[in-house]
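Containing mmCIF, C-alpha atoms and all ligand atoms: model.cif.
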```cif
data_my_file
loop_
_atom_site.label_atom_id
_atom_site.label_comp_id
_atom_site.auth_asym_id
_atom_site.auth_seq_id
_atom_site.Cartn_x
_atom_site.Cartn_y
_atom_site.Cartn_z
CA MET C 1 0.00 0.00 0.00
CA SER C 2 1.34 3.44 -0.90
CA GLU C 3 2.35 5.95 1.78
CA GLN C 4 -0.45 8.24 0.60
CA LEU C 5 -3.03 5.51 1.21
CA LYS C 6 -1.55 4.65 4.60
CA LYS C 7 -2.18 8.23 5.75
CA LEU C 8 -5.80 8.25 4.63
CA SER C 9 -8.45 8.69 7.29
CA ILE C 10 -12.17 9.24 7.42
CA ASN C 11 -13.63 12.74 7.67
CA LYS C 12 -14.14 12.94 11.45
CA SER C 13 -16.36 15.99 11.58
CA ARG C 14 -18.68 14.75 8.81
CA PHE C 15 -18.87 11.36 10.52
CA ARG C 16 -19.80 12.98 13.84
CA LYS C 17 -22.36 15.33 12.35
CA ASP C 18 -24.05 12.49 10.51
CA PHE C 19 -24.00 10.21 13.53
CA ASP C 20 -25.75 12.89 15.59
CA GLU C 21 -28.32 13.37 12.83
CA LEU C 22 -29.00 9.63 12.55
CA CYS C 23 -29.41 9.29 16.35
CA LYS C 24 -32.28 11.79 16.24
CA ILE C 25 -34.33 9.50 13.98
CA GLY C 26 -36.55 7.39 16.23
CA ARG C 27 -34.91 8.79 19.33
CA THR C 28 -36.53 7.79 22.62
CA LYS C 29 -36.84 9.91 25.76
CA GLN C 30 -33.44 8.88 27.01
CA THR C 31 -30.51 8.36 24.66
CA GLY C 32 -31.92 5.31 22.89
CA VAL C 33 -33.50 4.78 19.50
CA ASN C 34 -36.65 2.90 18.61
CA ARG C 35 -36.35 1.70 15.02
CA PRO C 36 -37.79 -1.80 14.66
CA VAL C 37 -37.75 -2.92 11.05
CA PHE C 38 -40.28 -1.17 8.77
CA SER C 39 -41.46 1.13 11.58
CA GLN C 40 -41.90 4.77 10.60
CA SER C 41 -38.58 5.69 12.20
CA HIS C 42 -36.74 2.82 10.51
CA LEU C 43 -38.07 3.86 7.11
CA GLU C 44 -37.06 7.43 7.89
CA ALA C 45 -33.52 6.30 8.77
CA ARG C 46 -33.32 4.47 5.46
CA LYS C 47 -34.56 7.54 3.61
CA TRP C 48 -31.86 9.54 5.35
CA PHE C 49 -29.23 7.00 4.25
CA ARG C 50 -30.46 7.32 0.66
CA LYS C 51 -30.27 11.12 0.82
CA LYS C 52 -26.72 11.02 2.20
CA THR C 53 -25.69 8.54 -0.48
CA LEU C 54 -26.98 10.68 -3.32
CA GLU C 55 -25.56 13.88 -1.79
CA ALA C 56 -22.15 12.19 -1.82
CA GLY C 57 -22.48 11.49 -5.55
CA LEU C 58 -22.65 7.73 -4.97
CA GLU C 59 -25.03 5.34 -6.67
CA PHE C 60 -27.99 4.04 -4.70
CA HIS C 61 -29.60 0.62 -4.98
CA ILE C 62 -32.42 -1.33 -3.26
CA ASP C 63 -32.72 -5.09 -3.79
CA GLY C 64 -35.75 -7.40 -3.60
CA ALA C 65 -35.34 -7.90 0.15
CA GLY C 66 -35.19 -4.16 0.79
CA ASN C 67 -31.44 -4.11 1.50
CA HIS C 68 -30.23 -0.55 0.85
CA SER C 69 -26.83 0.02 -0.76
CA ALA C 70 -24.55 2.94 -1.54
CA LEU C 71 -22.15 2.14 -4.38
CA LEU C 72 -18.74 3.50 -5.31
CA LYS C 73 -18.15 1.92 -8.68
CA SER C 74 -14.76 0.74 -9.87
CA HIS C 75 -13.49 1.87 -13.25
CA GLN C 76 -12.74 -1.76 -13.99
CA LYS C 77 -15.45 -3.59 -15.86
CA ASP C 78 -17.10 -6.55 -14.06
CA ALA C 79 -15.30 -5.76 -10.80
CA PRO C 80 -16.50 -7.80 -7.80
CA ALA C 81 -18.23 -6.03 -4.90
CA LEU C 82 -16.47 -5.51 -1.60
CA LEU C 83 -19.30 -5.14 0.91
CA LEU C 84 -19.13 -3.02 4.05
CA GLY C 85 -22.21 -2.92 6.18
CA SER C 86 -24.51 -3.59 9.09
CA HIS C 87 -28.13 -2.62 9.84
CA LEU C 88 -30.21 0.49 10.54
CA ASP C 89 -33.02 -1.33 12.34
CA SER C 90 -32.96 -1.60 16.14
CA VAL C 91 -34.62 -3.63 18.86
CA PRO C 92 -37.50 -1.77 20.56
CA ASP C 93 -35.98 1.05 22.63
CA GLY C 94 -32.46 -0.04 21.69
CA GLY C 95 -29.16 1.80 21.59
CA ARG C 96 -27.71 4.35 19.17
CA TYR C 97 -24.69 2.33 18.09
CA ASP C 98 -25.91 -1.22 17.40
CA GLY C 99 -25.93 -1.54 13.61
CA ALA C 100 -26.15 2.18 12.87
CA LEU C 101 -22.45 2.72 13.58
CA GLY C 102 -21.49 0.05 11.05
CA VAL C 103 -23.73 1.39 8.28
CA LEU C 104 -22.65 4.98 8.78
CA ALA C 105 -18.94 4.01 8.98
CA ALA C 106 -19.35 2.04 5.73
CA LEU C 107 -20.87 5.06 4.00
CA GLU C 108 -18.12 7.29 5.42
CA VAL C 109 -15.44 4.93 4.07
CA LEU C 110 -16.95 5.19 0.58
CA ARG C 111 -17.10 8.97 0.83
CA SER C 112 -13.52 9.25 2.09
CA ILE C 113 -12.21 7.09 -0.76
CA SER C 114 -14.35 8.98 -3.27
CA ASP C 115 -13.10 12.37 -1.92
CA GLU C 116 -9.51 11.34 -2.71
CA ASP C 117 -10.53 9.95 -6.09
CA ILE C 118 -8.82 6.65 -5.30
CA GLN C 119 -9.35 3.97 -7.96
CA LEU C 120 -9.96 0.47 -6.64
CA PRO C 121 -10.33 -2.84 -8.50
CA VAL C 122 -13.59 -3.53 -6.61
CA ASN C 123 -16.99 -1.90 -6.41
CA LEU C 124 -17.29 -0.68 -2.85
CA GLU C 125 -20.79 -1.23 -1.51
CA ALA C 126 -22.05 0.12 1.83
CA ILE C 127 -25.06 -2.05 2.67
CA ASP C 128 -27.84 -1.75 5.24
CA PHE C 129 -29.37 -5.22 5.72
CA THR C 130 -33.10 -5.62 6.39
CA ASP C 131 -34.30 -6.86 9.81
CA GLU C 132 -31.01 -7.94 11.36
CA GLU C 133 -32.72 -7.79 14.74
CA GLY C 134 -35.33 -10.32 13.63
CA THR C 135 -38.45 -8.35 14.57
CA ILE C 136 -40.25 -10.03 11.67
CA VAL C 137 -37.82 -12.56 10.16
CA SER C 138 -34.38 -13.12 11.73
CA PHE C 139 -31.70 -11.88 9.30
CA LEU C 140 -34.27 -11.39 6.54
CA GLY C 141 -31.97 -9.22 4.41
CA SER C 142 -28.70 -11.11 4.78
CA PHE C 143 -30.43 -14.51 4.47
CA ALA C 144 -32.06 -13.43 1.20
CA PHE C 145 -28.74 -11.99 0.04
CA THR C 146 -26.82 -15.20 0.75
CA GLY C 147 -29.48 -17.65 -0.47
CA LYS C 148 -30.26 -18.95 3.03
CA LEU C 149 -33.83 -17.67 3.04
CA THR C 150 -36.40 -20.43 2.47
CA GLN C 151 -40.16 -20.47 1.98
CA GLU C 152 -40.29 -22.55 5.18
CA ILE C 153 -38.74 -19.66 7.15
CA LEU C 154 -41.27 -17.25 5.58
CA ASN C 155 -44.18 -19.54 6.41
CA ASN C 156 -43.31 -19.55 10.10
CA PRO C 157 -41.37 -16.36 10.82
CA ARG C 158 -40.31 -15.25 14.28
CA GLY C 159 -42.71 -12.29 14.34
CA GLY C 160 -45.67 -14.32 13.02
CA ARG C 161 -46.89 -14.86 9.47
CA LYS C 162 -49.58 -12.17 9.60
CA ASN C 163 -47.06 -9.57 10.69
CA LEU C 164 -44.77 -10.49 7.80
CA VAL C 165 -47.48 -10.31 5.14
CA GLU C 166 -48.85 -6.99 6.40
CA ASN C 167 -45.46 -5.38 6.70
CA LEU C 168 -44.22 -6.47 3.28
CA GLU C 169 -47.35 -5.04 1.74
CA ARG C 170 -47.01 -1.79 3.64
CA VAL C 171 -43.44 -1.22 2.41
CA SER C 172 -44.23 -2.50 -1.11
CA LEU C 173 -41.96 -5.55 -0.99
CA LYS C 174 -43.23 -8.71 -2.67
CA GLU C 175 -42.70 -12.03 -0.92
CA SER C 176 -41.68 -13.80 -4.13
CA GLU C 177 -39.23 -10.99 -4.92
CA LEU C 178 -37.34 -11.42 -1.62
CA PHE C 179 -35.38 -14.29 -3.15
CA SER C 180 -34.16 -12.08 -6.01
CA ALA C 181 -31.79 -10.39 -3.54
CA GLN C 182 -29.50 -13.42 -3.73
CA ARG C 183 -26.00 -12.65 -5.04
CA GLU C 184 -23.48 -14.85 -6.77
CA PRO C 185 -20.48 -15.61 -4.53
CA LYS C 186 -18.12 -15.04 -7.44
CA ALA C 187 -19.38 -11.46 -7.73
CA LEU C 188 -18.30 -10.74 -4.14
CA ALA C 189 -14.79 -9.86 -2.98
CA GLY C 190 -15.73 -10.04 0.70
CA TYR C 191 -17.68 -8.50 3.56
CA LEU C 192 -16.49 -6.33 6.46
CA GLU C 193 -18.64 -5.18 9.37
CA LEU C 194 -17.85 -2.69 12.09
CA HIS C 195 -19.99 -3.19 15.20
CA VAL C 196 -20.03 -2.37 18.91
CA GLU C 197 -19.07 -5.42 20.96
CA GLN C 198 -22.30 -5.43 23.02
CA GLY C 199 -20.38 -7.30 25.72
CA PRO C 200 -17.78 -6.44 28.39
CA TYR C 201 -14.65 -8.27 27.24
CA LEU C 202 -13.04 -5.59 25.09
CA GLU C 203 -13.55 -2.77 27.56
CA LYS C 204 -12.17 -4.92 30.38
CA SER C 205 -9.08 -5.71 28.33
CA GLY C 206 -8.36 -2.01 27.84
CA GLN C 207 -7.68 -2.53 24.11
CA SER C 208 -9.17 -0.30 21.40
CA ILE C 209 -10.16 -2.76 18.69
CA GLY C 210 -11.65 -6.25 18.79
CA ILE C 211 -10.68 -8.50 15.90
CA VAL C 212 -13.47 -11.04 15.71
CA GLU C 213 -12.15 -14.52 15.03
CA GLN C 214 -15.36 -16.49 15.53
CA ILE C 215 -19.05 -15.79 15.77
CA ALA C 216 -20.58 -18.16 18.30
CA GLY C 217 -23.15 -20.70 17.19
CA LEU C 218 -26.56 -20.74 18.83
CA SER C 219 -28.97 -23.63 19.27
CA PHE C 220 -32.46 -23.50 20.77
CA TYR C 221 -34.85 -26.07 22.18
CA ARG C 222 -38.22 -26.30 23.84
CA LEU C 223 -38.22 -29.04 26.49
CA THR C 224 -41.46 -30.25 28.04
CA PHE C 225 -41.37 -32.46 31.13
CA ILE C 226 -44.65 -34.34 31.56
CA GLY C 227 -45.88 -35.88 34.81
CA ARG C 228 -49.35 -36.22 36.35
CA GLU C 229 -51.83 -33.66 37.61
CA ASP C 230 -52.76 -34.41 41.24
CA HIS C 231 -54.14 -32.81 44.39
CA ALA C 232 -51.10 -31.17 45.96
CA GLY C 233 -52.37 -31.89 49.47
CA THR C 234 -53.46 -35.48 49.24
CA ILE C 235 -50.91 -37.19 47.01
CA SER C 236 -47.80 -38.30 48.89
CA MET C 237 -44.41 -36.89 48.08
CA GLN C 238 -43.27 -40.40 47.16
CA GLU C 239 -46.05 -40.99 44.66
CA ARG C 240 -46.33 -37.70 42.83
CA LEU C 241 -45.01 -37.26 39.28
CA ASP C 242 -44.12 -33.60 39.45
CA ALA C 243 -43.08 -32.05 36.12
CA ALA C 244 -41.76 -28.91 37.86
CA GLN C 245 -39.14 -30.96 39.70
CA GLY C 246 -37.70 -32.34 36.46
CA ALA C 247 -37.58 -28.95 34.75
CA SER C 248 -36.04 -27.28 37.80
CA ALA C 249 -33.45 -30.02 38.25
CA PHE C 250 -32.48 -29.61 34.60
CA THR C 251 -32.25 -25.82 34.98
CA LEU C 252 -29.91 -26.15 37.96
CA ALA C 253 -27.87 -28.84 36.21
CA VAL C 254 -27.33 -26.48 33.24
CA ARG C 255 -25.44 -24.07 35.47
CA GLU C 256 -23.31 -26.82 37.04
CA ILE C 257 -22.47 -28.34 33.67
CA MET C 258 -21.57 -24.97 32.19
CA LEU C 259 -19.32 -23.96 35.08
CA ASN C 260 -17.55 -27.32 35.17
CA LYS C 261 -17.40 -28.41 31.54
CA PHE C 262 -17.95 -25.34 29.35
CA PRO C 263 -16.90 -22.35 31.44
CA ASP C 264 -16.24 -20.14 28.38
CA CYS C 265 -19.57 -20.83 26.69
CA LYS C 266 -23.11 -19.66 27.41
CA ALA C 267 -26.43 -21.37 28.14
CA ASN C 268 -29.77 -20.01 29.24
CA VAL C 269 -33.12 -21.28 30.42
CA GLY C 270 -35.15 -18.20 29.56
CA TYR C 271 -38.74 -19.26 30.02
CA THR C 272 -40.68 -21.72 32.19
CA LYS C 273 -44.40 -22.50 32.14
CA TYR C 274 -46.18 -24.91 34.48
CA THR C 275 -49.52 -26.44 33.51
CA PRO C 276 -52.15 -26.27 34.92
CA GLY C 277 -50.27 -23.81 37.13
CA ALA C 278 -51.97 -23.39 40.53
CA PHE C 279 -50.99 -23.46 44.21
CA ASN C 280 -52.79 -26.70 44.91
CA ILE C 281 -52.14 -28.76 41.78
CA VAL C 282 -49.04 -30.85 41.14
CA PRO C 283 -47.85 -29.57 37.71
CA GLU C 284 -48.57 -32.00 34.93
CA LYS C 285 -46.39 -30.17 32.43
CA ALA C 286 -43.33 -27.96 32.75
CA GLU C 287 -42.21 -26.35 29.54
CA ILE C 288 -38.89 -24.55 29.32
CA SER C 289 -37.04 -22.67 26.58
CA PHE C 290 -33.37 -23.47 26.44
CA GLU C 291 -30.54 -22.07 24.32
CA PHE C 292 -26.79 -22.49 24.30
CA ARG C 293 -23.87 -20.90 22.47
CA ALA C 294 -20.34 -22.05 21.61
CA ALA C 295 -17.63 -20.63 19.40
CA ASP C 296 -16.35 -23.87 17.86
CA MET C 297 -18.17 -26.74 16.20
CA LYS C 298 -16.70 -29.49 18.39
CA THR C 299 -17.85 -27.86 21.64
CA PHE C 300 -21.15 -26.90 20.05
CA ARG C 301 -21.88 -30.56 19.24
CA GLU C 302 -20.63 -31.76 22.61
CA MET C 303 -22.93 -29.32 24.42
CA ASP C 304 -25.85 -30.52 22.37
CA GLN C 305 -25.27 -34.15 23.33
CA THR C 306 -24.59 -33.30 26.97
CA PHE C 307 -27.77 -31.30 27.48
CA VAL C 308 -30.07 -33.70 25.66
CA LYS C 309 -28.65 -36.52 27.80
CA GLN C 310 -29.06 -34.47 30.97
CA ALA C 311 -32.70 -33.64 30.19
CA LYS C 312 -33.44 -37.35 29.68
CA LEU C 313 -31.64 -38.20 32.91
CA GLU C 314 -33.66 -35.71 34.97
CA ALA C 315 -36.93 -36.86 33.38
CA GLU C 316 -36.13 -40.45 34.27
CA LYS C 317 -35.11 -39.55 37.80
CA TYR C 318 -38.49 -37.92 38.50
CA GLY C 319 -40.56 -40.51 36.58
CA LEU C 320 -41.49 -38.06 33.84
CA GLU C 321 -41.95 -38.17 30.11
CA LEU C 322 -39.88 -35.76 28.07
CA GLN C 323 -40.70 -33.99 24.80
CA ILE C 324 -37.70 -32.50 23.05
CA GLU C 325 -38.42 -29.94 20.34
CA PHE C 326 -35.40 -28.74 18.42
CA LEU C 327 -36.28 -25.21 17.27
CA GLY C 328 -33.24 -24.39 15.18
CA LYS C 329 -29.60 -23.42 15.27
CA ARG C 330 -26.94 -21.28 13.69
CA ASP C 331 -23.57 -22.98 13.49
CA PRO C 332 -20.44 -21.26 14.84
CA VAL C 333 -18.57 -19.36 12.15
CA GLN C 334 -14.84 -18.91 11.72
CA MET C 335 -13.86 -15.60 10.13
CA ALA C 336 -11.80 -15.97 6.94
CA ALA C 337 -8.02 -15.44 6.68
CA ALA C 338 -8.06 -12.60 4.11
CA PRO C 339 -10.26 -10.21 6.13
CA LEU C 340 -8.50 -11.19 9.37
CA ASP C 341 -5.14 -10.30 7.79
CA ALA C 342 -6.52 -7.07 6.36
CA ILE C 343 -7.92 -6.02 9.76
CA HIS C 344 -4.62 -6.89 11.52
CA GLU C 345 -2.69 -4.82 8.99
CA ALA C 346 -5.12 -1.92 9.36
CA VAL C 347 -4.74 -1.96 13.15
CA ASP C 348 -0.93 -1.99 12.75
CA THR C 349 -0.97 0.85 10.22
CA LEU C 350 -3.04 2.97 12.61
CA GLY C 351 -0.95 1.97 15.64
CA LEU C 352 -3.96 0.82 17.66
CA SER C 353 -4.10 -1.83 20.37
CA TYR C 354 -6.29 -4.86 19.74
CA LYS C 355 -7.65 -8.06 21.19
CA LYS C 356 -8.72 -11.20 19.34
CA ILE C 357 -12.30 -11.78 20.30
CA ILE C 358 -15.37 -14.00 19.92
CA SER C 359 -18.70 -12.48 18.99
CA TRP C 360 -21.30 -13.95 21.35
CA ALA C 361 -24.11 -12.14 19.57
CA GLY C 362 -25.37 -13.03 16.09
CA HIS C 363 -24.60 -10.73 13.15
CA ASP C 364 -25.24 -10.51 9.40
CA ALA C 365 -21.55 -11.45 8.96
CA GLN C 366 -22.52 -14.96 10.09
CA ALA C 367 -24.66 -15.40 6.99
CA LEU C 368 -22.20 -13.62 4.69
CA ALA C 369 -19.32 -15.85 5.86
CA ASP C 370 -20.95 -18.74 3.99
CA ILE C 371 -20.58 -17.11 0.58
CA CYS C 372 -17.60 -14.75 0.78
CA PRO C 373 -14.54 -14.01 2.97
CA SER C 374 -16.02 -12.10 5.91
CA GLY C 375 -14.60 -10.25 8.87
CA MET C 376 -15.79 -8.16 11.80
CA ILE C 377 -14.26 -5.28 13.73
CA PHE C 378 -15.49 -4.57 17.26
CA VAL C 379 -15.20 -1.40 19.32
CA PRO C 380 -15.70 -1.40 23.12
CA SER C 381 -19.15 -1.12 24.68
CA VAL C 382 -18.97 0.77 27.97
CA GLY C 383 -20.08 -1.58 30.74
CA GLY C 384 -20.86 -4.17 28.05
CA ARG C 385 -24.35 -2.68 27.81
CA SER C 386 -26.42 -3.15 24.64
CA HIS C 387 -30.01 -3.56 23.40
CA SER C 388 -30.72 -0.74 25.82
CA PRO C 389 -30.74 3.07 25.71
CA GLU C 390 -27.71 2.81 28.05
CA GLU C 391 -25.62 1.47 25.16
CA PHE C 392 -22.55 3.68 24.82
CA THR C 393 -19.24 3.66 22.97
CA LYS C 394 -16.69 6.46 23.33
CA TRP C 395 -16.59 8.62 20.24
CA GLU C 396 -12.83 8.16 19.88
CA ASP C 397 -13.41 4.40 19.66
CA CYS C 398 -16.07 4.88 16.97
CA VAL C 399 -13.62 6.94 14.91
CA ASN C 400 -10.86 4.36 15.41
CA GLY C 401 -13.24 1.60 14.33
CA ALA C 402 -14.24 3.49 11.19
CA ASN C 403 -10.59 4.07 10.30
CA VAL C 404 -9.83 0.36 10.78
CA LEU C 405 -12.77 -0.38 8.48
CA LEU C 406 -11.34 2.05 5.91
CA HIS C 407 -7.86 0.53 5.95
CA ALA C 408 -9.10 -3.05 6.09
CA ALA C 409 -11.27 -2.29 3.03
CA LEU C 410 -8.28 -0.84 1.19
CA GLY C 411 -6.27 -3.92 2.15
CA MET C 412 -8.99 -6.34 1.01
CA ALA C 413 -9.44 -4.40 -2.24
CA SER C 414 -5.77 -4.69 -3.10
CA LYS C 415 -5.68 -8.48 -2.57
ZN ZN C 501 -26.34 -5.29 15.52
#
```
Transcribe the structure of this file into C-alpha cells.
Ligand SMILES: [Zn+2]
Amino acid sequence: MSEQLKKLSINKSRFRKDFDELCKIGRTKQTGVNRPVFSQSHLEARKWFRKKTLEAGLEFHIDGAGNHSALLKSHQKDAPALLLGSHLDSVPDGGRYDGALGVLAALEVLRSISDEDIQLPVNLEAIDFTDEEGTIVSFLGSFAFTGKLTQEILNNPRGGRKNLVENLERVSLKESELFSAQREPKALAGYLELHVEQGPYLEKSGQSIGIVEQIAGLSFYRLTFIGREDHAGTISMQERLDAAQGASAFTLAVREIMLNKFPDCKANVGYTKYTPGAFNIVPEKAEISFEFRAADMKTFREMDQTFVKQAKLEAEKYGLELQIEFLGKRDPVQMAAAPLDAIHEAVDTLGLSYKKIISWAGHDAQALADICPSGMIFVPSVGGRSHSPEEFTKWEDCVNGANVLLHAALGMASK
C-alpha cells in the first residue's frame, strides 16, 4: 500500500455530524432509538441514508429484500463487490450504536475514498441489511442476500406470518421478490462489518479494537417435562409425578455443567411454564425454553449431546416423560483469513491496540461468511451494555473503528 493511502483517514467531523443526525431519527426519551424494522422511524432512517448517499455522488440501490446500498463503482469492468455494512433497524428502545455505527462508517469509508478519487479494483458497496434484529424474520436481508432464506422460514417467521405479510405489503416488498436479492459468490470480494461489541470483554481488556475470530453458534430447544396432575395436598411426596421438579433439576444442572465443563460458553433457560399452574395442583407439564452458544463446532456438538442426555436423565429420575423440540440453530462461524489479515494490517498501520475476540451475539456477517470471505471489527461497549438506551461507545473508539474499516477495506481491495 502506498504511503499516501496509509495516511488516509475518514472525515471525522462529517462522521460525527451524521451520527448525531442519525441518532435523532426514532430517538426515545433517554438516549436510545426505537427503530424496529419497517417502523416509521426505521423507514425514515433508510430515507436519510439514501439522501446522504446521493448527496455524496454515490449510486444508490435497493434489492428485492429491501437491502439498501450505496455504491462506489470501480473503473474496472465486471469488478467484484467488496461489501461493508450492518443494519439500521434496532430492537424496541435499543441503543444508538448497534448496527447504525457500522452502516454509517461504511458510508463514510466510501465517501472518504471517493473524496480522494482513489481507484480500486472492486466496487465498494455500503449495505444496510433488512431486519437484522429479527423483529419479523431473523436476518431477513442477509439470508435473502446469501441464499439462506427459504419459503419454510417465511411460512413460520419469528414475528408471526400475519405480521410479515402486512409489513411487506405496507413497504411494497413482494414475498416472491425477496429471493431475487441473492448474489453470486463469485461477484463478491468479501464482507467487512464494524460493530459495537455489546459485551464487556473488550472494555475490560483495555484494548481499542476487537478483531473477531469467531461468531458463536446458537442452538435452541423447547423441552417439556410431563408428569401427572394431582391434588397437591393429598398425594404423597413419594407418589407424585411432578413435572416442575424435572424442569427445575435440569435448569440447575445447566449451570453446574456450564461452570464445570464449558466455562467459556453460554447457556440459558429463559422461560418456564407450568400447567395447569396453581398453588394446589401438582404440575402435569413444565415447559422450558433453552438455548446455548459455543464458538467452535466441536464444543457446540458436545454441548448438544450433553444437554439432551441431561434432560433425559432428569426426566427419568423424576418418573417423567420428556418432549424434546429442536427449534433451530446457527452454526459457529470462523472468520476468513483474508479479512483477518486485512484487519490486523489496518490496526498496525493505525498503531492501535487490539484483542482477538469471539462475537457472542449473532450478526449478518454470520450469513455472509458462507458465501464470501467475511470479517468483523469490534469497538468497546462501555459496561458491556447493549439492546438498551444505556448502550454507549466512546466517540474516539467509533472513529478508530471506522478508520480500521477504511484501511481493512483498502487492504482487502488490493488483494
Ligand atoms: Zn447489531
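Taking atom CA of Ser138 of chain C and atom CA of Arg158 of chain C as the two end points, the separation is 6.8 Å.
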Pick from C:Glu229, C:Asp115, C:Glu197, C:Glu125 nearest to Val103 of chain C, counting all atoms listed in the file: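 Checking each of C:Glu229, C:Asp115, C:Glu197, C:Glu125 against Val103 of chain C, counting all atoms listed in the file, the winner is C:Glu125.
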Shell of 8 Å around ligand ZN 501 (chain C) (all atoms listed in the file), written as a PyMOL selection string: chain C and resi 86-87+90+98-100+132-133+195-196+362-363
Give me, as an mmCIF file with C-alpha atoms, in the coordinates of the input, all polymer residues having an atom no more than 6 Å from segment 40-47 of chain C, counting all atoms listed in the file and skipping those fewer than 6 positions away in the same chain.
```cif
data_model
loop_
_atom_site.group_PDB
_atom_site.id
_atom_site.type_symbol
_atom_site.label_atom_id
_atom_site.label_comp_id
_atom_site.auth_asym_id
_atom_site.auth_seq_id
_atom_site.Cartn_x
_atom_site.Cartn_y
_atom_site.Cartn_z
ATOM 1 C CA ILE C 25 -34.330 9.500 13.980
ATOM 2 C CA GLY C 26 -36.550 7.390 16.230
ATOM 3 C CA ASP C 89 -33.020 -1.330 12.340
#
```
Would you mind listing what lies within 12 Å of segment 258-270 of chain C as a JSON list (two decimals) with C-alpha atoms, in the frame of the given file, with only C-alpha atoms counted and same-chain residues fewer than 2 positions away left out?
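Everything below was put into selection17.json:
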```
[["chain", "number", "residue", "atom", "x", "y", "z"],
["C", 216, "ALA", "CA", -20.58, -18.16, 18.30],
["C", 217, "GLY", "CA", -23.15, -20.70, 17.19],
["C", 218, "LEU", "CA", -26.56, -20.74, 18.83],
["C", 219, "SER", "CA", -28.97, -23.63, 19.27],
["C", 220, "PHE", "CA", -32.46, -23.50, 20.77],
["C", 221, "TYR", "CA", -34.85, -26.07, 22.18],
["C", 222, "ARG", "CA", -38.22, -26.30, 23.84],
["C", 223, "LEU", "CA", -38.22, -29.04, 26.49],
["C", 247, "ALA", "CA", -37.58, -28.95, 34.75],
["C", 248, "SER", "CA", -36.04, -27.28, 37.80],
["C", 249, "ALA", "CA", -33.45, -30.02, 38.25],
["C", 250, "PHE", "CA", -32.48, -29.61, 34.60],
["C", 251, "THR", "CA", -32.25, -25.82, 34.98],
["C", 252, "LEU", "CA", -29.91, -26.15, 37.96],
["C", 253, "ALA", "CA", -27.87, -28.84, 36.21],
["C", 254, "VAL", "CA", -27.33, -26.48, 33.24],
["C", 255, "ARG", "CA", -25.44, -24.07, 35.47],
["C", 256, "GLU", "CA", -23.31, -26.82, 37.04],
["C", 272, "THR", "CA", -40.68, -21.72, 32.19],
["C", 273, "LYS", "CA", -44.40, -22.50, 32.14],
["C", 287, "GLU", "CA", -42.21, -26.35, 29.54],
["C", 288, "ILE", "CA", -38.89, -24.55, 29.32],
["C", 289, "SER", "CA", -37.04, -22.67, 26.58],
["C", 290, "PHE", "CA", -33.37, -23.47, 26.44],
["C", 291, "GLU", "CA", -30.54, -22.07, 24.32],
["C", 292, "PHE", "CA", -26.79, -22.49, 24.30],
["C", 293, "ARG", "CA", -23.87, -20.90, 22.47],
["C", 294, "ALA", "CA", -20.34, -22.05, 21.61],
["C", 295, "ALA", "CA", -17.63, -20.63, 19.40],
["C", 296, "ASP", "CA", -16.35, -23.87, 17.86],
["C", 298, "LYS", "CA", -16.70, -29.49, 18.39],
["C", 299, "THR", "CA", -17.85, -27.86, 21.64],
["C", 300, "PHE", "CA", -21.15, -26.90, 20.05],
["C", 302, "GLU", "CA", -20.63, -31.76, 22.61],
["C", 303, "MET", "CA", -22.93, -29.32, 24.42],
["C", 304, "ASP", "CA", -25.85, -30.52, 22.37],
["C", 306, "THR", "CA", -24.59, -33.30, 26.97],
["C", 307, "PHE", "CA", -27.77, -31.30, 27.48],
["C", 332, "PRO", "CA", -20.44, -21.26, 14.84],
["C", 358, "ILE", "CA", -15.37, -14.00, 19.92],
["C", 359, "SER", "CA", -18.70, -12.48, 18.99],
["C", 360, "TRP", "CA", -21.30, -13.95, 21.35],
["C", 361, "ALA", "CA", -24.11, -12.14, 19.57]]
```
For Leu140 of chain C, the nearest of the candidates C:Ala65, C:Lys6, C:Leu22, C:Arg35, counting all atoms listed in the file: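 For Leu140 of chain C, the nearest of the candidates is C:Ala65.
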d(atom CA of Phe60 of chain C, atom CA of Asp128 of chain C) in Å: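 Value for the atom CA of Phe60 of chain C-atom CA of Asp128 of chain C distance: 11.5 Å.
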Pick from C:Pro121, C:Gly277, C:Gly141, C:Gly319, whichever lies nearest to Gly411 of chain C using all atoms listed in the file: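 Of the candidates, the smallest distance to Gly411 of chain C is held by C:Pro121.
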Residue nearest Gly64 of chain C among C:Asp242, C:Glu108, C:Glu175, C:Glu390 (counting all atoms listed in the file): C:Glu175
Shortest interatomic distance to Glu314 of chain C - which of C:Phe225, C:Tyr271, C:Tyr354, C:Phe326, counting only C-alpha atoms: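 Going through C:Phe225, C:Tyr271, C:Tyr354, C:Phe326 one by one, the smallest distance to Glu314 of chain C is for C:Phe225.
Distance-wise, atom CA of Lys312 of chain C and atom CA of Ser236 of chain C end up 24.0 Å apart.
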Given all atoms listed in the file as the counted atoms, nearest of C:Ala365, C:Ile62, C:Leu71, C:Val282 to Glu193 of chain C: C:Ala365
Contacts of Asn11 of chain C within 10 Å, all atoms listed in the file, excl. fewer than 5 positions in-chain, as a ChimeraX atom specification: /C:16,108-109,111-112,115,399,402-403
Write out the residues from the selection above, keeping C-alpha atoms, as a short mmCIF file (atom, residue, chain, number, x, y, z; two decimals), in the frame of the given file.
```cif
data_model
loop_
_atom_site.label_atom_id
_atom_site.label_comp_id
_atom_site.auth_asym_id
_atom_site.auth_seq_id
_atom_site.Cartn_x
_atom_site.Cartn_y
_atom_site.Cartn_z
CA ARG C 16 -19.80 12.98 13.84
CA GLU C 108 -18.12 7.29 5.42
CA VAL C 109 -15.44 4.93 4.07
CA ARG C 111 -17.10 8.97 0.83
CA SER C 112 -13.52 9.25 2.09
CA ASP C 115 -13.10 12.37 -1.92
CA VAL C 399 -13.62 6.94 14.91
CA ALA C 402 -14.24 3.49 11.19
CA ASN C 403 -10.59 4.07 10.30
#
```
Close residues, Ser176 of chain C itself excluded, 10 Å, only C-alpha atoms, min 2 positions apart in chain, as number ranges by chain: C: 64-65, 151, 173-174, 178-180
Take the residues that were just selected and, keeping C-alpha atoms, output them as a compact mmCIF listing (two decimals), in the coordinates of the input.
```
# COMPACT_ATOMS: atom_id res chain seq x y z
CA GLY C 64 -35.75 -7.40 -3.60
CA ALA C 65 -35.34 -7.90 0.15
CA GLN C 151 -40.16 -20.47 1.98
CA LEU C 173 -41.96 -5.55 -0.99
CA LYS C 174 -43.23 -8.71 -2.67
CA LEU C 178 -37.34 -11.42 -1.62
CA PHE C 179 -35.38 -14.29 -3.15
CA SER C 180 -34.16 -12.08 -6.01
```
